[in-house]
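The file my_file-v1.tsv comes next; it holds TSV, C-alpha atoms.
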```tsv
chain	number	residue	atom	x	y	z
A	1	MET	CA	26.51	4.06	31.00
A	2	GLN	CA	26.25	5.38	34.57
A	3	ALA	CA	23.51	7.42	36.15
A	4	GLN	CA	24.18	11.08	36.89
A	5	PRO	CA	25.07	11.93	40.50
A	6	VAL	CA	22.00	12.45	42.64
A	7	GLN	CA	21.63	15.72	44.60
A	8	LEU	CA	19.59	15.43	47.77
A	9	LYS	CA	18.14	18.95	47.58
A	10	ALA	CA	14.56	19.95	47.04
A	11	GLU	CA	15.37	22.22	44.15
A	12	ASP	CA	17.13	19.34	42.40
A	13	ALA	CA	14.28	16.88	42.85
A	14	PRO	CA	13.62	14.62	39.86
A	15	GLN	CA	10.66	16.68	38.65
A	16	SER	CA	12.66	19.94	38.41
A	17	GLN	CA	14.86	18.93	35.49
A	18	THR	CA	13.99	17.46	32.11
A	19	MET	CA	16.07	14.30	31.74
A	20	TYR	CA	16.22	13.95	27.97
A	21	ARG	CA	18.57	10.96	28.12
A	22	ILE	CA	16.06	8.99	30.19
A	23	LEU	CA	13.17	10.13	28.00
A	24	LEU	CA	14.95	9.03	24.83
A	25	ILE	CA	15.85	5.64	26.31
A	26	ILE	CA	12.36	4.92	27.65
A	27	GLY	CA	10.90	6.12	24.34
A	28	PHE	CA	13.22	3.76	22.43
A	29	VAL	CA	12.28	0.85	24.70
A	30	HIS	CA	8.63	1.76	24.06
A	31	LEU	CA	9.42	1.42	20.36
A	32	LEU	CA	10.97	-2.01	20.93
A	33	ASN	CA	8.08	-3.18	23.11
A	34	ASP	CA	5.39	-2.05	20.70
A	35	SER	CA	7.23	-3.39	17.65
A	36	ILE	CA	7.01	-6.79	19.36
A	37	GLN	CA	3.30	-6.27	19.93
A	38	ALA	CA	3.03	-5.28	16.27
A	39	ILE	CA	4.02	-8.81	15.33
A	40	ILE	CA	0.50	-9.98	16.21
A	41	PRO	CA	-1.59	-7.96	13.73
A	42	ALA	CA	1.30	-8.17	11.24
A	43	MET	CA	0.99	-11.96	11.32
A	44	PHE	CA	-2.75	-11.95	10.55
A	45	PRO	CA	-2.39	-12.47	6.77
A	46	VAL	CA	0.28	-15.12	7.40
A	47	LEU	CA	-1.82	-16.97	9.99
A	48	GLU	CA	-4.90	-16.77	7.79
A	49	ASN	CA	-3.02	-18.55	5.02
A	50	SER	CA	-1.08	-21.08	7.14
A	51	MET	CA	-3.78	-22.05	9.65
A	52	GLY	CA	-6.91	-21.15	7.70
A	53	LEU	CA	-8.19	-18.84	10.46
A	54	THR	CA	-11.41	-16.86	10.11
A	55	PHE	CA	-11.65	-13.10	10.65
A	56	THR	CA	-13.42	-13.81	13.93
A	57	GLN	CA	-10.51	-15.98	15.13
A	58	LEU	CA	-8.06	-13.26	14.11
A	59	GLY	CA	-10.17	-10.83	16.11
A	60	PHE	CA	-9.94	-13.11	19.14
A	61	ILE	CA	-6.15	-13.22	18.82
A	62	ALA	CA	-6.06	-9.41	18.89
A	63	PHE	CA	-8.49	-9.56	21.82
A	64	ALA	CA	-6.21	-11.94	23.76
A	65	LEU	CA	-3.28	-9.53	23.36
A	66	ASN	CA	-5.04	-6.24	23.90
A	67	PHE	CA	-7.57	-7.19	26.56
A	68	THR	CA	-4.85	-8.83	28.67
A	69	SER	CA	-2.80	-5.65	28.69
A	70	SER	CA	-5.92	-3.53	29.22
A	71	LEU	CA	-7.11	-5.59	32.18
A	72	ILE	CA	-3.76	-5.64	33.95
A	73	GLN	CA	-2.43	-2.13	33.23
A	74	PRO	CA	-4.68	-0.19	35.64
A	75	VAL	CA	-4.06	-2.83	38.32
A	76	VAL	CA	-0.29	-2.49	37.86
A	77	GLY	CA	-0.61	1.30	37.94
A	78	LEU	CA	-2.72	1.24	41.12
A	79	TYR	CA	-0.19	-1.03	42.86
A	80	THR	CA	2.89	0.93	41.79
A	81	ASP	CA	1.32	4.26	42.79
A	82	LYS	CA	1.50	2.93	46.33
A	83	ASN	CA	4.56	0.69	45.91
A	84	PRO	CA	6.94	1.94	43.18
A	85	SER	CA	8.55	-1.09	41.52
A	86	PRO	CA	11.46	-0.12	39.25
A	87	TYR	CA	12.46	-3.69	38.41
A	88	ALA	CA	8.95	-4.61	37.30
A	89	LEU	CA	10.00	-3.06	33.96
A	90	PRO	CA	12.66	-5.62	32.94
A	91	ILE	CA	10.80	-8.49	34.64
A	92	GLY	CA	7.68	-7.71	32.60
A	93	LEU	CA	9.63	-7.86	29.35
A	94	CYS	CA	10.76	-11.37	30.28
A	95	PHE	CA	7.12	-12.46	29.86
A	96	THR	CA	7.21	-10.88	26.42
A	97	PHE	CA	10.42	-12.78	25.61
A	98	ALA	CA	8.71	-16.07	26.48
A	99	GLY	CA	5.65	-15.13	24.43
A	100	ILE	CA	7.73	-14.48	21.31
A	101	ILE	CA	9.32	-17.93	21.51
A	102	GLY	CA	5.89	-19.50	21.92
A	103	LEU	CA	4.50	-17.54	18.97
A	104	ALA	CA	7.29	-18.64	16.64
A	105	PHE	CA	6.64	-22.33	17.40
A	106	ALA	CA	2.85	-22.28	17.95
A	107	PRO	CA	1.27	-25.20	16.04
A	108	SER	CA	-2.38	-24.15	16.38
A	109	PHE	CA	-4.82	-21.34	17.15
A	110	TRP	CA	-4.89	-22.02	20.90
A	111	TYR	CA	-1.10	-22.00	21.22
A	112	VAL	CA	-1.07	-18.65	19.42
A	113	MET	CA	-3.65	-17.37	21.92
A	114	LEU	CA	-1.53	-18.48	24.89
A	115	SER	CA	1.61	-16.89	23.44
A	116	VAL	CA	-0.03	-13.51	22.82
A	117	ILE	CA	-1.39	-13.54	26.39
A	118	PHE	CA	2.22	-13.69	27.62
A	119	ILE	CA	3.12	-10.79	25.34
A	120	GLY	CA	0.10	-8.90	26.67
A	121	LEU	CA	1.23	-9.47	30.28
A	122	GLY	CA	4.64	-7.99	29.45
A	123	SER	CA	3.01	-4.97	27.85
A	124	ALA	CA	0.65	-4.50	30.80
A	125	THR	CA	3.62	-4.33	33.16
A	126	PHE	CA	5.67	-2.02	30.98
A	127	HIS	CA	3.21	0.72	30.02
A	128	PRO	CA	2.12	2.17	33.40
A	129	GLU	CA	5.67	2.15	34.76
A	130	GLY	CA	7.01	3.52	31.47
A	131	SER	CA	4.55	6.43	31.74
A	132	ARG	CA	5.73	7.01	35.31
A	133	VAL	CA	9.36	7.12	34.19
A	134	ALA	CA	8.43	9.68	31.52
A	135	TYR	CA	6.56	11.72	34.14
A	136	MET	CA	9.51	11.61	36.56
A	137	ALA	CA	11.96	12.63	33.82
A	138	ALA	CA	9.72	15.38	32.41
A	139	GLY	CA	10.69	18.28	34.63
A	140	GLY	CA	8.31	21.08	33.68
A	141	ARG	CA	7.65	19.75	30.16
A	142	ARG	CA	5.09	17.02	30.70
A	143	GLY	CA	3.44	17.35	27.30
A	144	LEU	CA	6.74	17.02	25.46
A	145	ALA	CA	7.91	14.18	27.72
A	146	GLN	CA	4.74	12.19	27.18
A	147	SER	CA	4.99	12.80	23.43
A	148	ILE	CA	8.56	11.48	23.34
A	149	TYR	CA	7.48	8.41	25.28
A	150	GLN	CA	4.32	7.75	23.27
A	151	VAL	CA	5.88	8.40	19.86
A	152	GLY	CA	8.24	5.52	20.55
A	153	GLY	CA	5.26	3.21	20.94
A	154	ASN	CA	3.52	4.52	17.84
A	155	ALA	CA	6.72	4.20	15.82
A	156	GLY	CA	6.98	0.59	16.99
A	157	GLN	CA	3.41	-0.06	15.87
A	158	ALA	CA	4.21	1.53	12.52
A	159	LEU	CA	6.82	-1.17	11.94
A	160	ALA	CA	4.11	-3.86	11.72
A	161	PRO	CA	3.60	-3.62	7.93
A	162	LEU	CA	7.36	-3.67	7.32
A	163	ILE	CA	7.65	-6.67	9.64
A	164	THR	CA	5.09	-8.46	7.50
A	165	ALA	CA	6.66	-7.53	4.18
A	166	LEU	CA	10.33	-8.06	5.10
A	167	ILE	CA	10.27	-10.83	7.72
A	168	LEU	CA	6.98	-12.67	8.06
A	169	VAL	CA	6.12	-13.05	4.37
A	170	PRO	CA	9.51	-14.59	3.40
A	171	PHE	CA	10.12	-16.50	6.68
A	172	GLY	CA	6.56	-17.22	7.78
A	173	GLN	CA	5.45	-17.65	11.36
A	174	PHE	CA	8.92	-18.76	12.51
A	175	GLY	CA	10.28	-15.36	11.50
A	176	ALA	CA	8.90	-14.05	14.81
A	177	ILE	CA	11.89	-15.72	16.53
A	178	TRP	CA	14.10	-12.82	15.40
A	179	PHE	CA	12.28	-10.61	17.88
A	180	THR	CA	13.86	-12.41	20.81
A	181	ILE	CA	16.84	-10.17	19.99
A	182	VAL	CA	14.61	-7.09	20.23
A	183	ALA	CA	13.19	-8.26	23.56
A	184	GLY	CA	16.66	-8.99	24.92
A	185	LEU	CA	17.86	-5.48	24.05
A	186	ALA	CA	14.77	-3.97	25.70
A	187	ILE	CA	15.38	-5.96	28.89
A	188	MET	CA	18.98	-4.73	29.14
A	189	LEU	CA	17.97	-1.08	28.65
A	190	LEU	CA	15.22	-1.44	31.24
A	191	PHE	CA	17.72	-2.63	33.84
A	192	TYR	CA	19.53	0.70	33.32
A	193	ILE	CA	16.23	2.61	33.58
A	194	ALA	CA	15.33	0.65	36.73
A	195	ARG	CA	18.58	1.74	38.42
A	196	TRP	CA	17.86	5.40	37.61
A	197	TYR	CA	14.24	4.96	38.76
A	198	SER	CA	15.46	3.51	42.07
A	199	GLU	CA	17.74	6.52	42.61
A	200	GLN	CA	14.84	8.91	42.02
A	201	ILE	CA	12.72	7.06	44.57
A	202	ALA	CA	15.57	7.42	47.09
A	203	VAL	CA	15.73	11.16	46.38
A	204	GLN	CA	11.99	11.60	46.82
A	205	ARG	CA	11.97	9.70	50.11
A	206	SER	CA	14.89	11.75	51.44
A	207	ILE	CA	13.10	15.06	50.84
A	208	LYS	CA	10.64	15.87	53.61
A	209	GLN	CA	8.57	18.93	52.78
A	210	PRO	CA	5.61	19.72	55.05
A	211	LYS	CA	4.40	22.23	52.48
A	212	LYS	CA	3.95	19.48	49.95
A	213	LYS	CA	1.93	17.51	52.51
A	214	ALA	CA	-0.25	20.54	53.16
A	215	ALA	CA	-0.71	21.04	49.43
A	216	ALA	CA	-1.64	17.39	49.08
A	217	ALA	CA	-4.29	17.81	51.78
A	218	GLY	CA	-5.62	20.84	49.94
A	219	ASN	CA	-5.73	18.86	46.71
A	220	LYS	CA	-7.78	16.15	48.44
A	221	GLN	CA	-10.34	18.70	49.59
A	222	LEU	CA	-10.53	20.26	46.15
A	223	ALA	CA	-10.80	16.83	44.52
A	224	ALA	CA	-13.77	16.03	46.78
A	225	LYS	CA	-15.42	19.31	45.80
A	226	ASN	CA	-14.93	18.64	42.10
A	227	ARG	CA	-15.51	14.89	42.23
A	228	LYS	CA	-18.56	14.93	39.98
A	229	VAL	CA	-16.77	17.00	37.33
A	230	VAL	CA	-13.75	14.71	37.38
A	231	ARG	CA	-15.83	11.53	37.16
A	232	TYR	CA	-17.89	12.92	34.30
A	233	ALA	CA	-14.77	14.04	32.41
A	234	ILE	CA	-13.01	10.69	32.89
A	235	LEU	CA	-16.04	8.76	31.65
A	236	LEU	CA	-16.35	11.01	28.60
A	237	LEU	CA	-12.62	10.76	27.91
A	238	ILE	CA	-12.89	6.96	28.10
A	239	PHE	CA	-15.72	7.03	25.55
A	240	LEU	CA	-13.61	9.16	23.19
A	241	VAL	CA	-10.68	6.75	23.57
A	242	PHE	CA	-13.17	3.96	22.81
A	243	ALA	CA	-14.14	5.59	19.49
A	244	ARG	CA	-10.54	6.30	18.47
A	245	SER	CA	-9.40	2.79	19.42
A	246	TRP	CA	-12.15	1.09	17.40
A	247	PHE	CA	-11.26	3.22	14.40
A	248	HIS	CA	-7.57	2.38	14.85
A	249	ALA	CA	-8.39	-1.34	15.16
A	250	GLY	CA	-10.52	-1.27	12.02
A	251	ILE	CA	-7.79	0.38	9.95
A	252	THR	CA	-4.79	-1.59	11.22
A	253	ASN	CA	-6.43	-5.02	11.36
A	254	PHE	CA	-8.83	-5.09	8.42
A	255	TYR	CA	-8.09	-2.30	5.93
A	256	SER	CA	-5.34	-4.40	4.32
A	257	PHE	CA	-7.88	-7.18	3.68
A	258	PHE	CA	-10.24	-4.58	2.18
A	259	LEU	CA	-7.50	-3.44	-0.22
A	260	ILE	CA	-6.66	-7.02	-1.19
A	261	GLU	CA	-10.32	-7.78	-1.87
A	262	GLN	CA	-11.13	-4.54	-3.72
A	263	TYR	CA	-7.95	-3.96	-5.72
A	264	GLN	CA	-6.31	-7.41	-5.82
A	265	LEU	CA	-3.17	-6.17	-4.09
A	266	THR	CA	-0.61	-8.55	-2.60
A	267	ILE	CA	-0.14	-8.79	1.18
A	268	ALA	CA	3.10	-6.81	0.97
A	269	GLN	CA	1.50	-4.07	-1.18
A	270	ALA	CA	-1.48	-3.73	1.16
A	271	GLN	CA	0.78	-3.46	4.21
A	272	VAL	CA	2.40	-0.33	2.78
A	273	TYR	CA	-0.84	1.59	3.40
A	274	ILE	CA	-0.92	0.49	7.03
A	275	PHE	CA	2.71	1.52	7.44
A	276	ILE	CA	1.90	4.98	6.05
A	277	PHE	CA	-1.04	5.33	8.44
A	278	LEU	CA	0.98	4.27	11.50
A	279	ALA	CA	4.17	6.14	10.59
A	280	SER	CA	2.21	9.35	10.05
A	281	GLY	CA	0.42	8.64	13.31
A	282	ALA	CA	3.78	8.44	15.10
A	283	VAL	CA	4.69	11.87	13.74
A	284	GLY	CA	1.28	13.16	14.79
A	285	THR	CA	1.75	11.75	18.29
A	286	PHE	CA	5.03	13.62	18.67
A	287	ALA	CA	3.55	16.86	17.30
A	288	GLY	CA	0.43	16.60	19.44
A	289	GLY	CA	2.14	17.39	22.75
A	290	PRO	CA	3.71	20.73	21.74
A	291	LEU	CA	0.56	21.69	19.79
A	292	ALA	CA	-1.56	20.98	22.88
A	293	ASP	CA	0.79	23.12	24.99
A	294	ARG	CA	0.12	26.00	22.60
A	295	PHE	CA	-3.54	25.56	21.65
A	296	GLY	CA	-4.91	23.60	24.61
A	297	LYS	CA	-5.34	19.93	25.36
A	298	ARG	CA	-9.10	19.83	24.89
A	299	ASN	CA	-8.82	21.69	21.58
A	300	MET	CA	-6.23	19.20	20.40
A	301	ILE	CA	-8.42	16.21	21.28
A	302	PHE	CA	-11.35	17.87	19.47
A	303	PHE	CA	-9.27	18.57	16.36
A	304	SER	CA	-7.78	15.09	16.19
A	305	MET	CA	-11.20	13.45	16.07
A	306	LEU	CA	-13.30	15.81	13.96
A	307	GLY	CA	-10.38	16.85	11.76
A	308	ALA	CA	-9.94	13.24	10.67
A	309	ALA	CA	-13.67	12.49	10.34
A	310	PRO	CA	-14.43	13.84	6.83
A	311	LEU	CA	-11.22	12.39	5.41
A	312	ALA	CA	-11.98	8.99	6.93
A	313	LEU	CA	-15.45	9.09	5.42
A	314	VAL	CA	-13.92	9.39	1.93
A	315	LEU	CA	-11.33	6.64	2.42
A	316	PRO	CA	-13.36	3.55	1.34
A	317	HIS	CA	-14.41	5.30	-1.88
A	318	VAL	CA	-11.03	6.36	-3.28
A	319	GLY	CA	-8.70	4.30	-5.44
A	320	PRO	CA	-5.38	2.78	-4.34
A	321	VAL	CA	-3.34	5.80	-5.51
A	322	ALA	CA	-5.38	8.46	-3.71
A	323	ALA	CA	-5.42	6.30	-0.58
A	324	TYR	CA	-1.68	6.86	-0.02
A	325	PRO	CA	-1.82	10.58	0.92
A	326	LEU	CA	-5.22	10.15	2.54
A	327	MET	CA	-3.91	7.48	4.92
A	328	ALA	CA	-0.95	9.73	5.80
A	329	VAL	CA	-3.12	12.72	6.70
A	330	ILE	CA	-5.69	10.65	8.60
A	331	GLY	CA	-2.98	8.88	10.60
A	332	PHE	CA	-1.29	12.16	11.52
A	333	ILE	CA	-4.51	13.82	12.66
A	334	ILE	CA	-6.27	10.97	14.47
A	335	LEU	CA	-3.20	10.00	16.54
A	336	SER	CA	-2.10	13.55	17.34
A	337	SER	CA	-4.15	13.35	20.54
A	338	PHE	CA	-2.73	10.01	21.75
A	339	SER	CA	-0.28	11.50	24.25
A	340	VAL	CA	-2.56	14.48	24.90
A	341	THR	CA	-5.35	12.30	26.31
A	342	VAL	CA	-2.87	10.75	28.76
A	343	VAL	CA	-1.63	14.14	30.00
A	344	TYR	CA	-5.21	15.44	30.17
A	345	ALA	CA	-6.22	12.46	32.35
A	346	GLN	CA	-3.13	12.90	34.56
A	347	GLU	CA	-4.13	16.49	35.22
A	348	LEU	CA	-7.70	15.44	35.96
A	349	VAL	CA	-6.49	13.02	38.65
A	350	PRO	CA	-3.17	14.36	39.96
A	351	GLY	CA	-1.16	12.05	42.20
A	352	LYS	CA	-2.38	8.86	40.48
A	353	ILE	CA	0.02	8.79	37.55
A	354	GLY	CA	0.33	5.01	37.25
A	355	THR	CA	-3.37	4.33	37.71
A	356	VAL	CA	-4.53	6.98	35.24
A	357	SER	CA	-1.86	6.17	32.67
A	358	GLY	CA	-2.68	2.48	32.94
A	359	LEU	CA	-6.37	3.24	32.59
A	360	ILE	CA	-6.11	5.49	29.52
A	361	VAL	CA	-3.31	3.68	27.68
A	362	GLY	CA	-4.57	0.26	28.76
A	363	LEU	CA	-8.07	1.24	27.77
A	364	ALA	CA	-6.83	2.13	24.30
A	365	PHE	CA	-5.59	-1.45	23.91
A	366	GLY	CA	-8.67	-2.90	25.59
A	367	MET	CA	-11.15	-1.03	23.44
A	368	GLY	CA	-9.08	-1.96	20.42
A	369	ALA	CA	-9.38	-5.58	21.56
A	370	VAL	CA	-13.15	-5.43	21.78
A	371	GLY	CA	-13.20	-3.58	18.47
A	372	SER	CA	-11.05	-6.23	16.82
A	373	VAL	CA	-13.47	-8.98	17.81
A	374	ALA	CA	-16.58	-6.98	16.93
A	375	LEU	CA	-15.22	-5.77	13.61
A	376	GLY	CA	-13.95	-9.26	12.77
A	377	TRP	CA	-17.41	-10.64	13.45
A	378	LEU	CA	-18.94	-7.87	11.34
A	379	ALA	CA	-16.51	-8.61	8.49
A	380	ASP	CA	-17.50	-12.29	8.51
A	381	LEU	CA	-21.19	-11.42	8.70
A	382	ALA	CA	-21.57	-8.36	6.46
A	383	GLY	CA	-18.36	-8.25	4.43
A	384	LEU	CA	-15.26	-6.06	4.49
A	385	THR	CA	-16.84	-3.16	2.61
A	386	ASN	CA	-19.63	-2.69	5.15
A	387	THR	CA	-17.11	-3.06	7.96
A	388	MET	CA	-15.04	-0.21	6.53
A	389	LEU	CA	-18.13	1.94	6.04
A	390	PHE	CA	-18.92	1.52	9.73
A	391	THR	CA	-15.34	2.10	10.86
A	392	VAL	CA	-14.95	5.45	9.09
A	393	LEU	CA	-18.00	6.87	10.92
A	394	LEU	CA	-16.38	6.48	14.36
A	395	PRO	CA	-14.29	9.71	14.40
A	396	PHE	CA	-17.52	11.74	14.27
A	397	ILE	CA	-18.04	10.78	17.93
A	398	GLY	CA	-15.33	13.37	18.61
A	399	ILE	CA	-18.05	16.05	18.62
A	400	LEU	CA	-18.57	15.08	22.28
A	401	THR	CA	-15.14	16.57	23.12
A	402	MET	CA	-16.78	19.98	23.52
A	403	PHE	CA	-18.34	18.71	26.76
A	404	LEU	CA	-14.95	18.04	28.39
A	405	PRO	CA	-13.70	20.62	30.95
A	406	SER	CA	-11.56	23.30	29.34
A	407	ASP	CA	-7.87	23.69	30.11
A	408	LYS	CA	-8.70	26.61	32.43
A	409	GLN	CA	-11.10	24.39	34.35
A	410	LEU	CA	-8.33	21.79	34.65
A	411	GLN	CA	-6.10	24.43	36.23
A	412	VAL	CA	-8.82	25.23	38.76
A	413	ILE	CA	-9.16	21.53	39.60
A	414	ASN	CA	-5.40	21.25	40.15
A	415	GLN	CA	-4.98	24.39	42.28
```
Produce structure tokens that represent the structure in this file.
Amino acid sequence: MQAQPVQLKAEDAPQSQTMYRILLIIGFVHLLNDSIQAIIPAMFPVLENSMGLTFTQLGFIAFALNFTSSLIQPVVGLYTDKNPSPYALPIGLCFTFAGIIGLAFAPSFWYVMLSVIFIGLGSATFHPEGSRVAYMAAGGRRGLAQSIYQVGGNAGQALAPLITALILVPFGQFGAIWFTIVAGLAIMLLFYIARWYSEQIAVQRSIKQPKKKAAAAGNKQLAAKNRKVVRYAILLLIFLVFARSWFHAGITNFYSFFLIEQYQLTIAQAQVYIFIFLASGAVGTFAGGPLADRFGKRNMIFFSMLGAAPLALVLPHVGPVAAYPLMAVIGFIILSSFSVTVVYAQELVPGKIGTVSGLIVGLAFGMGAVGSVALGWLADLAGLTNTMLFTVLLPFIGILTMFLPSDKQLQVINQ
């Protein structure tokens, strides 16, 4: 494939047209990247059996993956805001490629930890720059563009239970080696994206518009005036991401063990529930952007948390049959704000796309990492049932969404 011819006119700048081809490719690569990440939690039941790991050790494995990507993502975003780096995308996935090989051959807990750190480094490099590509290709449809990009990642995460049932259960830990093919495909596609990205940078640098510079100066003055509001909103948004991420970590990492313990299901049977949750969440992620465009971003964040709260509260008390539809509805609702929180943060801090995207998306992984360790420790200490009872209370923190600035206030901030 070849990139479309580049027009060096202001009206044809990258942001003026929605590049659906680029959005679909970067969304598909997001799917590939996150399906590789999904190997880690998908391997938990396998590693528990083969290496005799405790829940706390499994939590530390999730921590090694997620905290690595969380720690590095904002740093990558801050650097690339000042120094756009198109080829960081395929280079980052090379770290992931190496991590997969290490994971397939890892003989012990510490080798697993080292391998997932490599995978985390690849993810940390990909996500901020992937969000930037989606932003550049969005045209005037940022909500839809971010939804297309994020739904790829959520769809990749949804593959984790199928990976366990179809690959890791029959082939064991070595089955992870098949994902070198997935990583190789992602690297090739990212070289194409990097070429397009480079062309867009050339276009932007060739367009000199004093009006844009004046507008930027005005934005700086307005940002200083509203600095307290922005800081407060970002901190509150981070706390809401914290609650959602801990809930997500509890469901994806430990609910399958709860089902096995309570209902004597097999590993493969229990993974079906996680697949339903994540697959429905991917659909919710895609729907969330257009719904937020219609009903407001803050309203969508509020609905996704409190709408899921009463259903989550019921989840530990229903049988295995009723849990199927319940997991589907909860997954759809709770993850419908995933892309919305990113767009909301981007509008709070305009001009810092990489930094903000790395912070919010990276924070989701980071908080999930801390949650994985804490919930694993709680499961060892108090049992899986009590861990689930704690987990399902977390969406009620969404009541704090009402204190975020409204969409109209965001428009004032961005004027």
Distance query range 71-86 of chain A at most 7 Å, all atoms listed in the file, self and fewer than 5 positions along chain excluded, as a PyMOL selection string: chain A and resi 124-125+128+194+197-198+352+354-355+358-359+362
Using all atoms listed in the file: which of A:Phe396, A:Gly281, A:Val370, A:Val272 has the shortest distance to Leu313 in chain A: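 Once distances to Leu313 in chain A are computed over all atoms listed in the file, the minimum belongs to A:Phe396.
Residues surrounding range 91-107 of chain A within 6 Å are Tyr111, Val112, Ser115, Phe118, Ile119, Gly122, Thr125, Gln173, Phe174, Ala176, Ile177, Thr180 and Ala183 of chain A [only C-alpha atoms; sequence separation below 4 positions excluded].
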All residues 8 Å or closer to Leu31 in chain A, only C-alpha atoms, same chain fewer than 3 positions away omitted, as a ChimeraX atom specification: /A:27-28,34-35,151-157
Coordinates-based distance that separates CA of Ser70 in chain A from CA of Ile238 in chain A (Å, one decimal):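 Interatomic distance here is 12.6 Å.
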Listed atoms of range 260-267 of chain A, axis-aligned box, 3 Å per side: centre and edge lengths to one decimal in Å, as AutoDock Vina command-line options?
```
--center_x -5.6 --center_y -6.4 --center_z -2.3 --size_x 17.0 --size_y 10.8 --size_z 13.0
```
Interatomic distance (Å, one decimal) between CA of Met327 in chain A and CA of Phe277 in chain A: 5.0 Å
Of the listed residues A:Ile22, A:Ala328, A:Val373, A:Leu311, that which approaches Phe63 in chain A most closely, counting all atoms listed in the file: A:Val373
Nearby residues (all atoms listed in the file) at most 10 Å from Ile267 in chain A, same-chain spacing under 3 positions excluded, as JSON, numbers by chain: {"A": [45, 46, 161, 164, 165, 169, 256, 257, 259, 260, 264, 270, 271, 272]}
Contacts of Met19 in chain A at 10 Å (all atoms listed in the file; same-chain gap of 4+ positions) as a list of chain:residue names: A:Pro14, A:Gln15, A:Leu23, A:Leu24, A:Ala134, A:Met136, A:Ala137, A:Ala138, A:Gly139, A:Ala145
Export C-alpha atoms of the chosen residues as an mmCIF file, keeping the file's coordinate frame?
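Generated output (selection-v7.cif):
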```cif
data_model
loop_
_atom_site.group_PDB
_atom_site.id
_atom_site.type_symbol
_atom_site.label_atom_id
_atom_site.label_comp_id
_atom_site.auth_asym_id
_atom_site.auth_seq_id
_atom_site.Cartn_x
_atom_site.Cartn_y
_atom_site.Cartn_z
ATOM 1 C CA PRO A 14 13.620 14.620 39.860
ATOM 2 C CA GLN A 15 10.660 16.680 38.650
ATOM 3 C CA LEU A 23 13.170 10.130 28.000
ATOM 4 C CA LEU A 24 14.950 9.030 24.830
ATOM 5 C CA ALA A 134 8.430 9.680 31.520
ATOM 6 C CA MET A 136 9.510 11.610 36.560
ATOM 7 C CA ALA A 137 11.960 12.630 33.820
ATOM 8 C CA ALA A 138 9.720 15.380 32.410
ATOM 9 C CA GLY A 139 10.690 18.280 34.630
ATOM 10 C CA ALA A 145 7.910 14.180 27.720
#
```
Atomic separation - CA of Ile334 in chain A relative to CA of Thr387 in chain A, Å: 18.9 Å
Using all atoms listed in the file: which of A:Val314, A:Ile36, A:Leu47, A:Ala249 has the shortest distance to Leu375 in chain A: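 Ranked by minimum distance to Leu375 in chain A, first place goes to A:Ala249.
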Within 6 Å of file point (-0.4, 13.6, 26.0), counting only C-alpha atoms, expressed as JSON, numbers by chain: {"A": [143, 146, 289, 339, 340, 341, 342, 343]}
